[in-house]
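Colleague: Input file: start.txt. Contents: compact mmCIF, N, CA and C atoms.
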# COMPACT_ATOMS: atom_id res chain seq x y z
N MET A 944 -16.80 31.27 13.48
CA MET A 944 -17.75 30.80 12.52
C MET A 944 -19.15 30.97 13.11
N LEU A 945 -20.08 31.44 12.30
CA LEU A 945 -21.45 31.62 12.75
C LEU A 945 -22.34 30.52 12.19
N ARG A 946 -23.22 30.07 13.02
CA ARG A 946 -24.22 29.09 12.59
C ARG A 946 -25.42 29.83 12.07
N PRO A 947 -26.32 29.16 11.36
CA PRO A 947 -27.55 29.82 10.92
C PRO A 947 -28.25 30.43 12.13
N GLY A 948 -28.76 31.62 11.98
CA GLY A 948 -29.42 32.31 13.07
C GLY A 948 -28.47 33.23 13.81
N GLY A 949 -27.20 33.30 13.36
CA GLY A 949 -26.24 34.22 13.94
C GLY A 949 -25.53 33.72 15.19
N ARG A 950 -25.81 32.48 15.61
CA ARG A 950 -25.18 31.94 16.80
C ARG A 950 -23.78 31.43 16.47
N ALA A 951 -22.81 31.61 17.36
CA ALA A 951 -21.44 31.14 17.13
C ALA A 951 -21.40 29.62 17.19
N ALA A 952 -20.61 29.04 16.29
CA ALA A 952 -20.45 27.58 16.27
C ALA A 952 -19.47 27.17 17.36
N SER A 953 -19.74 26.03 17.97
CA SER A 953 -18.81 25.49 18.98
C SER A 953 -17.99 24.38 18.33
N ALA A 954 -17.01 23.89 19.07
CA ALA A 954 -16.16 22.81 18.56
C ALA A 954 -17.00 21.56 18.25
N ARG A 955 -18.10 21.37 18.97
CA ARG A 955 -18.97 20.20 18.70
C ARG A 955 -19.64 20.30 17.35
N ASP A 956 -19.79 21.51 16.82
CA ASP A 956 -20.48 21.71 15.55
C ASP A 956 -19.58 21.46 14.33
N VAL A 957 -18.27 21.43 14.57
CA VAL A 957 -17.33 21.27 13.46
C VAL A 957 -17.12 19.79 13.20
N VAL A 958 -17.35 19.38 11.97
CA VAL A 958 -17.15 17.98 11.58
C VAL A 958 -15.87 17.91 10.75
N LEU A 959 -14.90 17.19 11.27
CA LEU A 959 -13.63 17.04 10.56
C LEU A 959 -13.70 15.81 9.66
N PRO A 960 -13.03 15.85 8.51
CA PRO A 960 -13.02 14.68 7.64
C PRO A 960 -12.26 13.54 8.32
N GLU A 961 -12.69 12.33 8.06
CA GLU A 961 -12.04 11.16 8.63
C GLU A 961 -10.67 10.97 7.97
N PHE A 962 -9.62 10.77 8.78
CA PHE A 962 -8.29 10.52 8.23
C PHE A 962 -8.21 9.07 7.80
N ARG A 963 -7.77 8.87 6.58
CA ARG A 963 -7.60 7.51 6.07
C ARG A 963 -6.20 7.38 5.50
N HIS A 964 -5.51 6.34 5.90
CA HIS A 964 -4.17 6.11 5.38
C HIS A 964 -4.21 5.92 3.87
N ARG A 965 -3.17 6.39 3.21
CA ARG A 965 -3.04 6.22 1.75
C ARG A 965 -2.20 5.00 1.47
N ILE A 966 -2.72 4.13 0.63
CA ILE A 966 -2.02 2.90 0.25
C ILE A 966 -1.81 2.89 -1.25
N LEU A 967 -0.59 2.55 -1.64
CA LEU A 967 -0.27 2.31 -3.04
C LEU A 967 -0.18 0.80 -3.21
N LEU A 968 -1.06 0.25 -4.02
CA LEU A 968 -1.14 -1.18 -4.27
C LEU A 968 -0.50 -1.48 -5.62
N VAL A 969 0.50 -2.36 -5.63
CA VAL A 969 1.24 -2.69 -6.84
C VAL A 969 1.13 -4.19 -7.09
N ASP A 970 0.36 -4.58 -8.12
CA ASP A 970 0.21 -6.00 -8.47
C ASP A 970 -0.11 -6.10 -9.95
N ASP A 971 0.59 -6.97 -10.64
CA ASP A 971 0.40 -7.11 -12.09
C ASP A 971 -0.84 -7.91 -12.46
N ASP A 972 -1.38 -8.70 -11.53
CA ASP A 972 -2.55 -9.52 -11.80
C ASP A 972 -3.81 -8.68 -11.62
N ASP A 973 -4.54 -8.45 -12.73
CA ASP A 973 -5.73 -7.59 -12.70
C ASP A 973 -6.76 -8.04 -11.67
N GLY A 974 -7.04 -9.33 -11.63
CA GLY A 974 -8.06 -9.85 -10.70
C GLY A 974 -7.66 -9.66 -9.25
N VAL A 975 -6.42 -9.97 -8.93
CA VAL A 975 -5.93 -9.80 -7.56
C VAL A 975 -5.93 -8.33 -7.19
N ARG A 976 -5.46 -7.49 -8.11
CA ARG A 976 -5.38 -6.05 -7.84
C ARG A 976 -6.77 -5.47 -7.57
N ARG A 977 -7.74 -5.81 -8.41
CA ARG A 977 -9.11 -5.29 -8.21
C ARG A 977 -9.71 -5.80 -6.91
N SER A 978 -9.49 -7.07 -6.61
CA SER A 978 -10.02 -7.65 -5.38
C SER A 978 -9.43 -6.98 -4.14
N LEU A 979 -8.11 -6.81 -4.13
CA LEU A 979 -7.46 -6.15 -3.00
C LEU A 979 -7.86 -4.68 -2.90
N GLU A 980 -8.01 -4.04 -4.04
CA GLU A 980 -8.43 -2.63 -4.03
C GLU A 980 -9.80 -2.48 -3.38
N ARG A 981 -10.74 -3.37 -3.73
CA ARG A 981 -12.07 -3.33 -3.12
C ARG A 981 -11.99 -3.59 -1.62
N LEU A 982 -11.19 -4.57 -1.23
CA LEU A 982 -11.04 -4.91 0.18
C LEU A 982 -10.47 -3.74 0.97
N LEU A 983 -9.42 -3.14 0.44
CA LEU A 983 -8.74 -2.05 1.15
C LEU A 983 -9.54 -0.75 1.15
N ALA A 984 -10.31 -0.50 0.10
CA ALA A 984 -11.02 0.77 -0.04
C ALA A 984 -12.05 1.00 1.06
N SER A 985 -12.45 -0.05 1.76
CA SER A 985 -13.40 0.11 2.85
C SER A 985 -12.78 0.84 4.04
N ARG A 986 -11.45 0.83 4.13
CA ARG A 986 -10.78 1.45 5.28
C ARG A 986 -9.68 2.44 4.92
N PHE A 987 -9.21 2.38 3.68
CA PHE A 987 -8.06 3.19 3.29
C PHE A 987 -8.32 3.89 1.95
N ARG A 988 -7.52 4.92 1.69
CA ARG A 988 -7.51 5.53 0.35
C ARG A 988 -6.49 4.74 -0.46
N VAL A 989 -6.93 4.19 -1.59
CA VAL A 989 -6.10 3.25 -2.35
C VAL A 989 -5.89 3.74 -3.77
N ASP A 990 -4.63 3.71 -4.21
CA ASP A 990 -4.29 3.87 -5.62
C ASP A 990 -3.68 2.54 -6.04
N ALA A 991 -4.19 1.96 -7.10
CA ALA A 991 -3.74 0.64 -7.54
C ALA A 991 -3.12 0.73 -8.94
N VAL A 992 -1.95 0.12 -9.09
CA VAL A 992 -1.24 0.13 -10.37
C VAL A 992 -0.75 -1.28 -10.69
N ASP A 993 -0.41 -1.48 -11.98
CA ASP A 993 -0.06 -2.82 -12.44
C ASP A 993 1.43 -3.12 -12.49
N GLY A 994 2.26 -2.21 -12.03
CA GLY A 994 3.69 -2.50 -12.06
C GLY A 994 4.54 -1.38 -11.49
N ALA A 995 5.84 -1.65 -11.45
CA ALA A 995 6.80 -0.74 -10.84
C ALA A 995 6.87 0.64 -11.50
N PRO A 996 6.89 0.74 -12.85
CA PRO A 996 6.98 2.08 -13.44
C PRO A 996 5.84 3.02 -13.02
N ALA A 997 4.62 2.51 -13.03
CA ALA A 997 3.47 3.33 -12.62
C ALA A 997 3.55 3.66 -11.14
N ALA A 998 4.03 2.72 -10.34
CA ALA A 998 4.17 2.96 -8.89
C ALA A 998 5.20 4.06 -8.63
N ARG A 999 6.32 4.00 -9.33
CA ARG A 999 7.35 5.03 -9.15
C ARG A 999 6.81 6.41 -9.51
N ALA A 1000 6.01 6.48 -10.57
CA ALA A 1000 5.42 7.77 -10.98
C ALA A 1000 4.53 8.33 -9.89
N LEU A 1001 3.70 7.49 -9.28
CA LEU A 1001 2.83 7.97 -8.21
C LEU A 1001 3.62 8.35 -6.96
N LEU A 1002 4.64 7.58 -6.64
CA LEU A 1002 5.47 7.91 -5.48
C LEU A 1002 6.21 9.23 -5.66
N SER A 1003 6.59 9.53 -6.90
CA SER A 1003 7.29 10.79 -7.13
C SER A 1003 6.35 11.99 -7.01
N ALA A 1004 5.05 11.73 -7.14
CA ALA A 1004 4.06 12.81 -7.09
C ALA A 1004 3.42 12.99 -5.72
N GLY A 1005 3.62 12.03 -4.81
CA GLY A 1005 2.96 12.16 -3.52
C GLY A 1005 3.42 11.12 -2.53
N PHE A 1006 2.91 11.23 -1.30
CA PHE A 1006 3.30 10.36 -0.20
C PHE A 1006 2.25 9.28 0.03
N TYR A 1007 2.72 8.09 0.36
CA TYR A 1007 1.85 6.98 0.73
C TYR A 1007 2.29 6.46 2.09
N ASP A 1008 1.32 6.10 2.91
CA ASP A 1008 1.63 5.52 4.22
C ASP A 1008 2.15 4.10 4.07
N VAL A 1009 1.63 3.39 3.07
CA VAL A 1009 2.02 2.00 2.83
C VAL A 1009 2.10 1.77 1.33
N VAL A 1010 3.13 1.02 0.92
CA VAL A 1010 3.24 0.55 -0.46
C VAL A 1010 3.12 -0.96 -0.38
N LEU A 1011 1.98 -1.50 -0.79
CA LEU A 1011 1.71 -2.93 -0.75
C LEU A 1011 2.09 -3.50 -2.11
N CYS A 1012 3.16 -4.28 -2.17
CA CYS A 1012 3.76 -4.65 -3.44
C CYS A 1012 3.89 -6.16 -3.61
N ASP A 1013 3.42 -6.66 -4.74
CA ASP A 1013 3.59 -8.06 -5.10
C ASP A 1013 5.08 -8.34 -5.33
N VAL A 1014 5.53 -9.51 -4.96
CA VAL A 1014 6.94 -9.88 -5.16
C VAL A 1014 7.18 -10.30 -6.59
N MET A 1015 6.31 -11.15 -7.12
CA MET A 1015 6.51 -11.73 -8.46
C MET A 1015 5.73 -10.95 -9.51
N MET A 1016 6.45 -10.12 -10.25
CA MET A 1016 5.85 -9.38 -11.36
C MET A 1016 6.74 -9.58 -12.57
N PRO A 1017 6.17 -9.64 -13.78
CA PRO A 1017 6.93 -10.05 -14.96
C PRO A 1017 8.04 -9.10 -15.42
N ARG A 1018 7.80 -7.83 -15.44
CA ARG A 1018 8.81 -6.90 -16.00
C ARG A 1018 9.85 -6.50 -14.97
N GLU A 1019 9.44 -6.36 -13.73
CA GLU A 1019 10.34 -5.93 -12.65
C GLU A 1019 9.79 -6.51 -11.35
N SER A 1020 10.57 -7.29 -10.67
CA SER A 1020 10.08 -7.91 -9.43
C SER A 1020 9.85 -6.84 -8.36
N GLY A 1021 9.08 -7.21 -7.36
CA GLY A 1021 8.85 -6.29 -6.25
C GLY A 1021 10.14 -5.92 -5.54
N VAL A 1022 11.09 -6.86 -5.46
CA VAL A 1022 12.36 -6.59 -4.80
C VAL A 1022 13.20 -5.63 -5.64
N ASP A 1023 13.18 -5.80 -6.97
CA ASP A 1023 13.88 -4.86 -7.85
C ASP A 1023 13.29 -3.45 -7.69
N PHE A 1024 11.96 -3.39 -7.64
CA PHE A 1024 11.29 -2.11 -7.42
C PHE A 1024 11.73 -1.50 -6.09
N PHE A 1025 11.72 -2.30 -5.03
CA PHE A 1025 12.15 -1.85 -3.70
C PHE A 1025 13.57 -1.28 -3.76
N ASP A 1026 14.47 -1.98 -4.44
CA ASP A 1026 15.86 -1.54 -4.53
C ASP A 1026 16.00 -0.19 -5.22
N SER A 1027 15.03 0.17 -6.06
CA SER A 1027 15.10 1.44 -6.80
C SER A 1027 14.56 2.63 -6.01
N LEU A 1028 13.98 2.37 -4.84
CA LEU A 1028 13.33 3.42 -4.05
C LEU A 1028 14.31 4.11 -3.12
N ASP A 1029 13.94 5.34 -2.71
CA ASP A 1029 14.73 6.03 -1.70
C ASP A 1029 14.40 5.43 -0.33
N ALA A 1030 15.20 5.80 0.67
CA ALA A 1030 15.06 5.21 2.00
C ALA A 1030 13.68 5.44 2.61
N THR A 1031 13.10 6.61 2.39
CA THR A 1031 11.78 6.90 2.96
C THR A 1031 10.72 5.97 2.36
N SER A 1032 10.71 5.84 1.05
CA SER A 1032 9.72 4.97 0.40
C SER A 1032 9.93 3.51 0.76
N ARG A 1033 11.19 3.10 0.90
CA ARG A 1033 11.47 1.70 1.28
C ARG A 1033 10.82 1.37 2.62
N GLY A 1034 10.78 2.35 3.52
CA GLY A 1034 10.21 2.14 4.84
C GLY A 1034 8.71 1.91 4.83
N GLN A 1035 8.05 2.21 3.73
CA GLN A 1035 6.61 2.03 3.62
C GLN A 1035 6.22 0.70 2.96
N VAL A 1036 7.18 -0.06 2.44
CA VAL A 1036 6.87 -1.24 1.64
C VAL A 1036 6.48 -2.43 2.51
N VAL A 1037 5.38 -3.07 2.11
CA VAL A 1037 4.96 -4.36 2.64
C VAL A 1037 4.81 -5.26 1.42
N PHE A 1038 5.54 -6.38 1.41
CA PHE A 1038 5.48 -7.30 0.27
C PHE A 1038 4.34 -8.30 0.45
N MET A 1039 3.88 -8.82 -0.68
CA MET A 1039 2.90 -9.90 -0.66
C MET A 1039 3.27 -10.88 -1.76
N THR A 1040 2.99 -12.15 -1.51
CA THR A 1040 3.29 -13.17 -2.52
C THR A 1040 2.33 -14.34 -2.38
N GLY A 1041 2.07 -14.98 -3.49
CA GLY A 1041 1.22 -16.16 -3.49
C GLY A 1041 1.91 -17.33 -4.16
N GLY A 1042 3.12 -17.09 -4.63
CA GLY A 1042 3.83 -18.11 -5.38
C GLY A 1042 5.03 -18.66 -4.64
N VAL A 1043 5.59 -19.70 -5.23
CA VAL A 1043 6.81 -20.29 -4.71
C VAL A 1043 7.97 -19.44 -5.18
N LEU A 1044 8.82 -19.03 -4.26
CA LEU A 1044 9.94 -18.17 -4.58
C LEU A 1044 11.23 -18.98 -4.66
N GLY A 1045 12.06 -18.63 -5.62
CA GLY A 1045 13.37 -19.26 -5.71
C GLY A 1045 14.25 -18.84 -4.55
N VAL A 1046 15.31 -19.59 -4.32
CA VAL A 1046 16.21 -19.33 -3.19
C VAL A 1046 16.81 -17.93 -3.27
N GLU A 1047 17.27 -17.52 -4.44
CA GLU A 1047 17.88 -16.19 -4.58
C GLU A 1047 16.89 -15.08 -4.24
N LEU A 1048 15.66 -15.21 -4.76
CA LEU A 1048 14.64 -14.18 -4.48
C LEU A 1048 14.26 -14.18 -3.00
N GLN A 1049 14.18 -15.36 -2.40
CA GLN A 1049 13.90 -15.44 -0.96
C GLN A 1049 14.98 -14.72 -0.16
N ASP A 1050 16.24 -14.94 -0.53
CA ASP A 1050 17.34 -14.28 0.17
C ASP A 1050 17.26 -12.76 0.02
N ARG A 1051 17.02 -12.31 -1.20
CA ARG A 1051 16.90 -10.86 -1.44
C ARG A 1051 15.75 -10.27 -0.64
N LEU A 1052 14.64 -10.99 -0.61
CA LEU A 1052 13.46 -10.53 0.12
C LEU A 1052 13.77 -10.43 1.62
N GLN A 1053 14.45 -11.41 2.17
CA GLN A 1053 14.83 -11.37 3.58
C GLN A 1053 15.73 -10.18 3.88
N ARG A 1054 16.65 -9.87 2.98
CA ARG A 1054 17.58 -8.77 3.22
C ARG A 1054 16.88 -7.41 3.24
N THR A 1055 15.68 -7.30 2.67
CA THR A 1055 14.96 -6.03 2.72
C THR A 1055 14.48 -5.72 4.14
N GLU A 1056 14.32 -6.76 4.95
CA GLU A 1056 13.83 -6.63 6.33
C GLU A 1056 12.44 -5.98 6.39
N ARG A 1057 11.64 -6.19 5.36
CA ARG A 1057 10.28 -5.67 5.29
C ARG A 1057 9.30 -6.83 5.49
N PRO A 1058 8.09 -6.53 5.97
CA PRO A 1058 7.08 -7.58 6.15
C PRO A 1058 6.71 -8.23 4.82
N VAL A 1059 6.40 -9.53 4.89
CA VAL A 1059 5.96 -10.29 3.72
C VAL A 1059 4.67 -11.01 4.11
N LEU A 1060 3.60 -10.74 3.35
CA LEU A 1060 2.30 -11.38 3.59
C LEU A 1060 2.07 -12.44 2.53
N LEU A 1061 1.43 -13.53 2.92
CA LEU A 1061 1.11 -14.60 1.98
C LEU A 1061 -0.32 -14.46 1.51
N LYS A 1062 -0.52 -14.52 0.19
CA LYS A 1062 -1.86 -14.47 -0.38
C LYS A 1062 -2.51 -15.83 -0.16
N PRO A 1063 -3.83 -15.89 -0.03
CA PRO A 1063 -4.78 -14.79 -0.11
C PRO A 1063 -4.75 -13.95 1.17
N LEU A 1064 -4.92 -12.66 0.99
CA LEU A 1064 -4.85 -11.71 2.09
C LEU A 1064 -6.24 -11.43 2.67
N THR A 1065 -6.25 -11.13 3.95
CA THR A 1065 -7.50 -10.71 4.61
C THR A 1065 -7.27 -9.33 5.18
N LEU A 1066 -8.33 -8.62 5.46
CA LEU A 1066 -8.22 -7.28 6.02
C LEU A 1066 -7.49 -7.28 7.37
N PRO A 1067 -7.77 -8.23 8.28
CA PRO A 1067 -7.00 -8.27 9.53
C PRO A 1067 -5.49 -8.47 9.31
N MET A 1068 -5.13 -9.31 8.34
CA MET A 1068 -3.71 -9.51 8.02
C MET A 1068 -3.08 -8.21 7.57
N LEU A 1069 -3.78 -7.50 6.70
CA LEU A 1069 -3.26 -6.25 6.15
C LEU A 1069 -3.14 -5.20 7.23
N GLU A 1070 -4.16 -5.06 8.06
CA GLU A 1070 -4.12 -4.06 9.12
C GLU A 1070 -3.00 -4.35 10.12
N ALA A 1071 -2.74 -5.61 10.42
CA ALA A 1071 -1.67 -5.98 11.35
C ALA A 1071 -0.29 -5.62 10.77
N ALA A 1072 -0.15 -5.70 9.46
CA ALA A 1072 1.14 -5.42 8.82
C ALA A 1072 1.41 -3.93 8.71
N PHE A 1073 0.37 -3.10 8.75
CA PHE A 1073 0.54 -1.66 8.60
C PHE A 1073 0.78 -1.06 9.94
Can you turn what I pasted into structure tokens?

Modeller:
Amino acid sequence: MLRPGGRAASARDVVLPEFRHRILLVDDDDGVRRSLERLLASRFRVDAVDGAPAARALLSAGFYDVVLCDVMMPRESGVDFFDSLDATSRGQVVFMTGGVLGVELQDRLQRTERPVLLKPLTLPMLEAAF
């Protein structure tokens, strides 16, 4: 590569784009989703969706380093969504919850062996889980 003036560019002259992990954020609550999206966007590339069907569509179209998924969603719980994923995608899931979980859901969540974060979330909490 030549620099202006015909001089060859050195490795110091090449600026590489910053690598940012891709996060898929799945939460049915608009306010929580927007708040987390703003928080995460300072450090990560974030796609945010309101439920499992939209999340599955994005996962089928590309790879995410982390799938940050709410446990309690009205149409399909986060654990039901997790159960529908292939092994690779399951390995990227980090659950989050702010509500009281029933015994059955707690048991199912434990069997996933995936991290579970309690809302409200902070950036240090999220970074430690990833």

Colleague: Write out, as JSON lines, each residue of segment 1013-1035 of chain A that has an atom at most 7 Å from segment 1041-1064 of chain A, together with the closest pair of atoms and their distance in Å to one decimal, counting all atoms listed in the file, rows going by chain and rising number.

Modeller:
{"residue": "A:Val1014", "atom": "N", "partner": "A:Gly1041", "partner_atom": "N", "distance": 6.6}
{"residue": "A:Met1015", "atom": "N", "partner": "A:Gly1041", "partner_atom": "N", "distance": 6.8}
{"residue": "A:Val1022", "atom": "CA", "partner": "A:Leu1052", "partner_atom": "CA", "distance": 6.4}

Colleague: So what do you get for atom CA of Phe1024 of chain A versus atom CA of Ala998 of chain A, distance-wise?

Modeller: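 Going from atom CA of Phe1024 of chain A over to atom CA of Ala998 of chain A, I get 8.9 Å.
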
Colleague: Please return, as a VMD selection string, all residues of chain A that DSSP assigns to alpha helix (DSSP H) on the basis of the backbone.

Modeller: chain A and resid 973 to 984 995 to 1004 1021 to 1026 1030 to 1033 1046 to 1055 1066 to 1072

Colleague: Given 4 Å on each side, where is the centre and what are the edge lengths in Å to one decimal of the axis-aligned box enclosing the listed atoms of segment 1019-1037 of chain A, as lines of an AutoDock Vina configuration file?

Modeller:
center_x = 10.4
center_y = -0.5
center_z = -4.4
size_x = 19.2
size_y = 22.8
size_z = 26.6

Colleague: Interatomic distance between atom N of Asp970 of chain A and atom N of Val1036 of chain A?

Modeller: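 According to the coordinates, atom N of Asp970 of chain A and atom N of Val1036 of chain A are separated by 13.4 Å.
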
Colleague: Which of segment 954-1053 of chain A end up as strand (DSSP E or B) when DSSP is run on this backbone - answer as a short mmCIF file (atom, residue, chain, number, x, y, z; two decimals) with N, CA and C atoms, in the coordinates of the input?

Modeller:
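Written out: selection.cif:
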data_model
loop_
_atom_site.label_atom_id
_atom_site.label_comp_id
_atom_site.auth_asym_id
_atom_site.auth_seq_id
_atom_site.Cartn_x
_atom_site.Cartn_y
_atom_site.Cartn_z
N ARG A 965 -3.17 6.39 3.21
CA ARG A 965 -3.04 6.22 1.75
C ARG A 965 -2.20 5.00 1.47
N ILE A 966 -2.72 4.13 0.63
CA ILE A 966 -2.02 2.90 0.25
C ILE A 966 -1.81 2.89 -1.25
N LEU A 967 -0.59 2.55 -1.64
CA LEU A 967 -0.27 2.31 -3.04
C LEU A 967 -0.18 0.80 -3.21
N LEU A 968 -1.06 0.25 -4.02
CA LEU A 968 -1.14 -1.18 -4.27
C LEU A 968 -0.50 -1.48 -5.62
N VAL A 969 0.50 -2.36 -5.63
CA VAL A 969 1.24 -2.69 -6.84
C VAL A 969 1.13 -4.19 -7.09
N ARG A 988 -7.52 4.92 1.69
CA ARG A 988 -7.51 5.53 0.35
C ARG A 988 -6.49 4.74 -0.46
N VAL A 989 -6.93 4.19 -1.59
CA VAL A 989 -6.10 3.25 -2.35
C VAL A 989 -5.89 3.74 -3.77
N ASP A 990 -4.63 3.71 -4.21
CA ASP A 990 -4.29 3.87 -5.62
C ASP A 990 -3.68 2.54 -6.04
N ALA A 991 -4.19 1.96 -7.10
CA ALA A 991 -3.74 0.64 -7.54
C ALA A 991 -3.12 0.73 -8.94
N VAL A 992 -1.95 0.12 -9.09
CA VAL A 992 -1.24 0.13 -10.37
C VAL A 992 -0.75 -1.28 -10.69
N VAL A 1009 1.63 3.39 3.07
CA VAL A 1009 2.02 2.00 2.83
C VAL A 1009 2.10 1.77 1.33
N VAL A 1010 3.13 1.02 0.92
CA VAL A 1010 3.24 0.55 -0.46
C VAL A 1010 3.12 -0.96 -0.38
N LEU A 1011 1.98 -1.50 -0.79
CA LEU A 1011 1.71 -2.93 -0.75
C LEU A 1011 2.09 -3.50 -2.11
N CYS A 1012 3.16 -4.28 -2.17
CA CYS A 1012 3.76 -4.65 -3.44
C CYS A 1012 3.89 -6.16 -3.61
N ASP A 1013 3.42 -6.66 -4.74
CA ASP A 1013 3.59 -8.06 -5.10
C ASP A 1013 5.08 -8.34 -5.33
N VAL A 1036 7.18 -0.06 2.44
CA VAL A 1036 6.87 -1.24 1.64
C VAL A 1036 6.48 -2.43 2.51
N VAL A 1037 5.38 -3.07 2.11
CA VAL A 1037 4.96 -4.36 2.64
C VAL A 1037 4.81 -5.26 1.42
N PHE A 1038 5.54 -6.38 1.41
CA PHE A 1038 5.48 -7.30 0.27
C PHE A 1038 4.34 -8.30 0.45
N MET A 1039 3.88 -8.82 -0.68
CA MET A 1039 2.90 -9.90 -0.66
C MET A 1039 3.27 -10.88 -1.76
N THR A 1040 2.99 -12.15 -1.51
CA THR A 1040 3.29 -13.17 -2.52
C THR A 1040 2.33 -14.34 -2.38
#

Colleague: Measuring atom to atom with only C-alpha atoms, identify which of A:Ser1032, A:Pro1017, A:Pro996, A:Leu1011 is nearest to Phe1073 of chain A.

Modeller: A:Leu1011

Colleague: Could you tell me how far atom CA of Asp990 of chain A sits from atom CA of Ala1071 of chain A, in Å to one decimal place?

Modeller: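 These atoms are spaced 19.8 Å apart.
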
Colleague: Closest to Asp1013 of chain A among A:Leu968, A:Ala1030, A:Val975, A:Ala991, using all atoms listed in the file?

Modeller: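 Comparing A:Leu968, A:Ala1030, A:Val975, A:Ala991 against Asp1013 of chain A, the winner is A:Leu968.
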
Colleague: Please provide the set of residues having any atom within 9 Å of Gly1034 of chain A, restricted to only C-alpha atoms, with same-chain residues fewer than 3 positions apart removed, written as a ChimeraX atom specification.

Modeller: /A:1009-1010,1029-1031,1037,1057

Colleague: Restricting the calculation to only C-alpha atoms: of A:Met1039, A:Ala984, A:Ala997, A:Met1016, which residue gets closest to Asp972 of chain A?

Modeller: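 Smallest distance to Asp972 of chain A is found for A:Met1016.
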
Colleague: Give the answer as one residue: which of A:Phe1038, A:Arg986, A:Ala1000, A:Ala1072 has the shortest atom-to-atom distance to Gly1021 of chain A, using all atoms listed in the file?

Modeller: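 Looking at the shortest contact to Gly1021 of chain A, the residue is A:Phe1038.
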
Colleague: Once you count only N, CA and C atoms, which residues end up no further than 6.5 Å from (-11.3, -2.9, 5.2) in the file's frame, shown as a list in words?

Modeller: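 Looking at atoms near the point gives Leu982, Leu983, Ala984, Ser985, Arg986, Phe987 and Leu1066 of chain A.
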